[in-house]
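**Student:** Below is data.txt; it holds compact mmCIF, C-alpha atoms.
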```
# COMPACT_ATOMS: atom_id res chain seq x y z
CA GLN A 1 61.21 -19.91 4.94
CA VAL A 2 63.18 -16.69 5.15
CA GLN A 3 65.92 -16.64 7.77
CA LEU A 4 67.64 -13.55 9.11
CA VAL A 5 71.28 -13.42 10.17
CA GLU A 6 72.83 -10.39 11.86
CA SER A 7 76.49 -9.44 11.74
CA GLY A 8 78.73 -6.50 12.57
CA GLY A 9 78.36 -6.26 16.32
CA GLY A 10 81.17 -6.03 18.82
CA LEU A 11 82.88 -3.76 21.32
CA VAL A 12 83.33 -0.06 20.66
CA GLN A 13 84.20 2.97 22.76
CA ALA A 14 81.66 5.66 23.51
CA GLY A 15 81.45 8.08 20.61
CA GLY A 16 82.40 5.42 18.12
CA SER A 17 80.46 3.81 15.29
CA LEU A 18 79.34 0.38 14.19
CA ARG A 19 77.35 -0.88 11.24
CA LEU A 20 75.07 -3.86 11.71
CA SER A 21 73.95 -5.97 8.79
CA CYS A 22 70.99 -8.33 8.50
CA ALA A 23 71.05 -10.76 5.60
CA ALA A 24 67.96 -12.66 4.54
CA SER A 25 68.39 -16.17 3.20
CA GLY A 26 66.05 -18.94 2.11
CA GLY A 27 63.90 -16.50 0.18
CA THR A 28 63.50 -12.84 -0.52
CA ALA A 29 62.56 -10.29 2.09
CA ASN A 30 62.22 -7.52 -0.46
CA THR A 31 58.49 -7.12 0.17
CA TYR A 32 58.88 -7.15 3.94
CA GLN A 33 59.08 -4.22 6.25
CA MET A 34 62.32 -4.61 8.18
CA ALA A 35 63.28 -3.37 11.60
CA TRP A 36 65.88 -3.43 14.32
CA PHE A 37 65.07 -4.00 17.95
CA ARG A 38 67.37 -4.25 20.95
CA GLN A 39 67.35 -5.73 24.41
CA ALA A 40 69.63 -4.44 27.13
CA PRO A 41 70.48 -6.58 30.17
CA GLY A 42 67.55 -6.64 32.56
CA SER A 43 65.29 -4.76 30.15
CA GLU A 44 62.55 -5.62 27.71
CA ARG A 45 63.12 -5.68 23.99
CA GLU A 46 62.59 -2.25 22.47
CA PHE A 47 62.10 -0.86 19.00
CA VAL A 48 65.06 0.91 17.41
CA ALA A 49 64.27 1.61 13.75
CA ALA A 50 62.17 0.37 10.84
CA ILE A 51 62.19 0.73 7.07
CA SER A 52 59.50 0.02 4.49
CA TRP A 53 59.99 -2.51 1.74
CA SER A 54 60.80 0.24 -0.76
CA GLY A 55 63.09 2.10 1.61
CA ASN A 56 61.06 5.27 1.22
CA ALA A 57 59.67 5.29 4.75
CA ARG A 58 61.78 5.05 7.89
CA ASN A 59 61.12 5.67 11.53
CA TYR A 60 63.27 5.69 14.63
CA ALA A 61 63.03 5.52 18.37
CA ASN A 62 63.57 8.92 19.97
CA SER A 63 66.68 7.66 21.73
CA VAL A 64 68.52 6.99 18.46
CA THR A 65 67.15 9.68 16.16
CA GLY A 66 69.96 11.65 14.59
CA ARG A 67 72.56 9.01 15.50
CA PHE A 68 71.34 5.81 13.82
CA THR A 69 70.38 5.28 10.18
CA ILE A 70 68.50 2.28 8.81
CA SER A 71 68.85 1.38 5.15
CA ARG A 72 68.33 -1.58 2.87
CA ASP A 73 69.72 -3.06 -0.31
CA ASN A 74 67.04 -5.25 -1.83
CA ALA A 75 69.41 -6.53 -4.50
CA ARG A 76 71.51 -8.00 -1.69
CA ASN A 77 68.55 -8.96 0.54
CA THR A 78 70.24 -7.01 3.32
CA VAL A 79 69.26 -4.37 5.84
CA TYR A 80 71.75 -2.18 7.64
CA LEU A 81 71.86 -0.15 10.82
CA GLN A 82 74.55 2.50 10.88
CA MET A 83 75.14 3.52 14.48
CA ASN A 84 77.14 6.69 15.17
CA SER A 85 77.93 8.58 18.36
CA LEU A 86 77.34 5.46 20.39
CA HIS A 87 76.56 5.78 24.09
CA PRO A 88 77.12 3.16 26.80
CA GLU A 89 73.33 2.93 27.10
CA ASP A 90 73.23 1.60 23.53
CA THR A 91 74.76 -1.59 24.86
CA ALA A 92 72.35 -4.40 24.05
CA VAL A 93 71.67 -7.43 21.92
CA TYR A 94 70.35 -6.14 18.61
CA TYR A 95 67.78 -8.12 16.66
CA CYS A 96 66.72 -7.86 13.04
CA ALA A 97 63.05 -8.49 12.33
CA ALA A 98 60.82 -8.75 9.28
CA ALA A 99 57.11 -8.26 8.80
CA LYS A 100 54.88 -9.01 5.84
CA PRO A 101 52.65 -6.11 4.79
CA ARG A 102 50.05 -5.28 7.44
CA GLU A 103 51.34 -8.02 9.77
CA ASP A 104 53.36 -8.11 12.98
CA TYR A 105 57.05 -8.89 13.08
CA THR A 106 57.16 -12.68 12.92
CA LEU A 107 60.64 -13.31 11.55
CA TRP A 108 63.57 -12.67 13.88
CA GLY A 109 67.30 -13.06 13.71
CA GLN A 110 69.31 -14.69 16.49
CA GLY A 111 70.59 -11.36 17.75
CA ILE A 112 74.03 -9.82 17.90
CA ARG A 113 75.72 -8.16 20.83
CA VAL A 114 76.83 -4.56 20.82
CA THR A 115 78.87 -3.31 23.77
CA VAL A 116 79.75 0.35 24.17
CA SER A 117 82.41 1.10 26.76
CA SER A 118 82.63 4.43 28.57
```
Would you put the structure from the file into structure tokens?
**Tutor:**
Amino acid sequence: QVQLVESGGGLVQAGGSLRLSCAASGGTANTYQMAWFRQAPGSEREFVAAISWSGNARNYANSVTGRFTISRDNARNTVYLQMNSLHPEDTAVYYCAAAKPREDYTLWGQGIRVTVSS
């Protein structure tokens, strides 16, 4: 069973950058579509970005387009989320998720906190 573990979160000032990583273990996630979601305090979980198994297709939430970049390194079984120009409203717990082709996201990491101070 593939497991996902996020890392790279923390506290950053507004305007700063962070890079989140999501490492897959217990198997390969190279054929999975991967995504990042986030959940702010008092809010529902929302989609942030997704990337196809090949890395050729990516899509982003409007709120992060132009500031966040999702990428993957299949040789390392790892997906990244580069977050630039962070805003306080980006504060949330960020989750990595994986989906088999033509399926919903059924694999989730434990989440990692990102706090952006103003």
**Student:** Quick one: residues within 7 Å of His87 (chain A), all atoms listed in the file counted, chain neighbours fewer than 3 positions away excluded, as a PyMOL selection string?
**Tutor:** chain A and resi 14-15+90+116
**Student:** Name the closest residue to Arg102 (chain A) among the candidates A:Trp53, A:Asp73, A:Arg58, A:Asn84; distances are taken between atoms, counting all atoms listed in the file.
**Tutor:**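 Ranked by minimum distance to Arg102 (chain A), first place goes to A:Trp53.
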**Student:** Could you please determine the separation between CA of Thr31 (chain A) and CA of Tyr60 (chain A) in Å, to one decimal place?
**Tutor:**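 According to the coordinates, CA of Thr31 (chain A) and CA of Tyr60 (chain A) are separated by 19.9 Å.
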**Student:** Using all atoms listed in the file, which residue out of A:Ser25, A:Thr91, A:Asn74, A:Gln82 lies closest to Leu11 (chain A)?
**Tutor:**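 Smallest distance to Leu11 (chain A) is found for A:Thr91.
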**Student:** So, counting all atoms listed in the file, which residue among A:Gly109, A:Ala57, A:Ala92, A:Ser7 is closest to Gly42 (chain A)?
**Tutor:**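 Answer, going by the shortest atom-to-atom distance: A:Ala92.
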**Student:** Counting only C-alpha atoms, which of A:Ser43, A:Ser54, A:Gln13, A:Ser21 gets nearest to Ser117 (chain A)?
**Tutor:**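 Distance minimum relative to Ser117 (chain A) lands on A:Gln13.
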**Student:** Could you check which of A:Leu86, A:Leu4, A:Met34, A:Ala24 is closest to Glu103 (chain A), using all atoms listed in the file?
**Tutor:**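 Closest residue, counting all atoms listed in the file: A:Met34.
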**Student:** In Å, rounded to a single decimal, give me how far CA of Ala98 (chain A) is from CA of Arg76 (chain A).
**Tutor:**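 Separation of CA of Arg76 (chain A) and CA of Ala98 (chain A): 15.3 Å.
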**Student:** May I have the residues at most 8 Å from (73.2, 9.5, 13.9) in the file's coordinates, counting all atoms listed in the file, as an NGL selection string?
**Tutor:** :A and (64-69 or 82-85)
**Student:** Do you have the CA of Gln3 (chain A)-CA of Pro88 (chain A) distance handy?
**Tutor:**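 Computed distance, CA of Gln3 (chain A) to CA of Pro88 (chain A), equals 29.7 Å.
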**Student:** Here is a test: counting only C-alpha atoms, which residue of A:Asn30, A:Thr115, A:Thr78, A:Asn59 is nearest to Glu6 (chain A)?
**Tutor:**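 Of A:Asn30, A:Thr115, A:Thr78, A:Asn59, the one nearest Glu6 (chain A), counting only C-alpha atoms, is A:Thr78.
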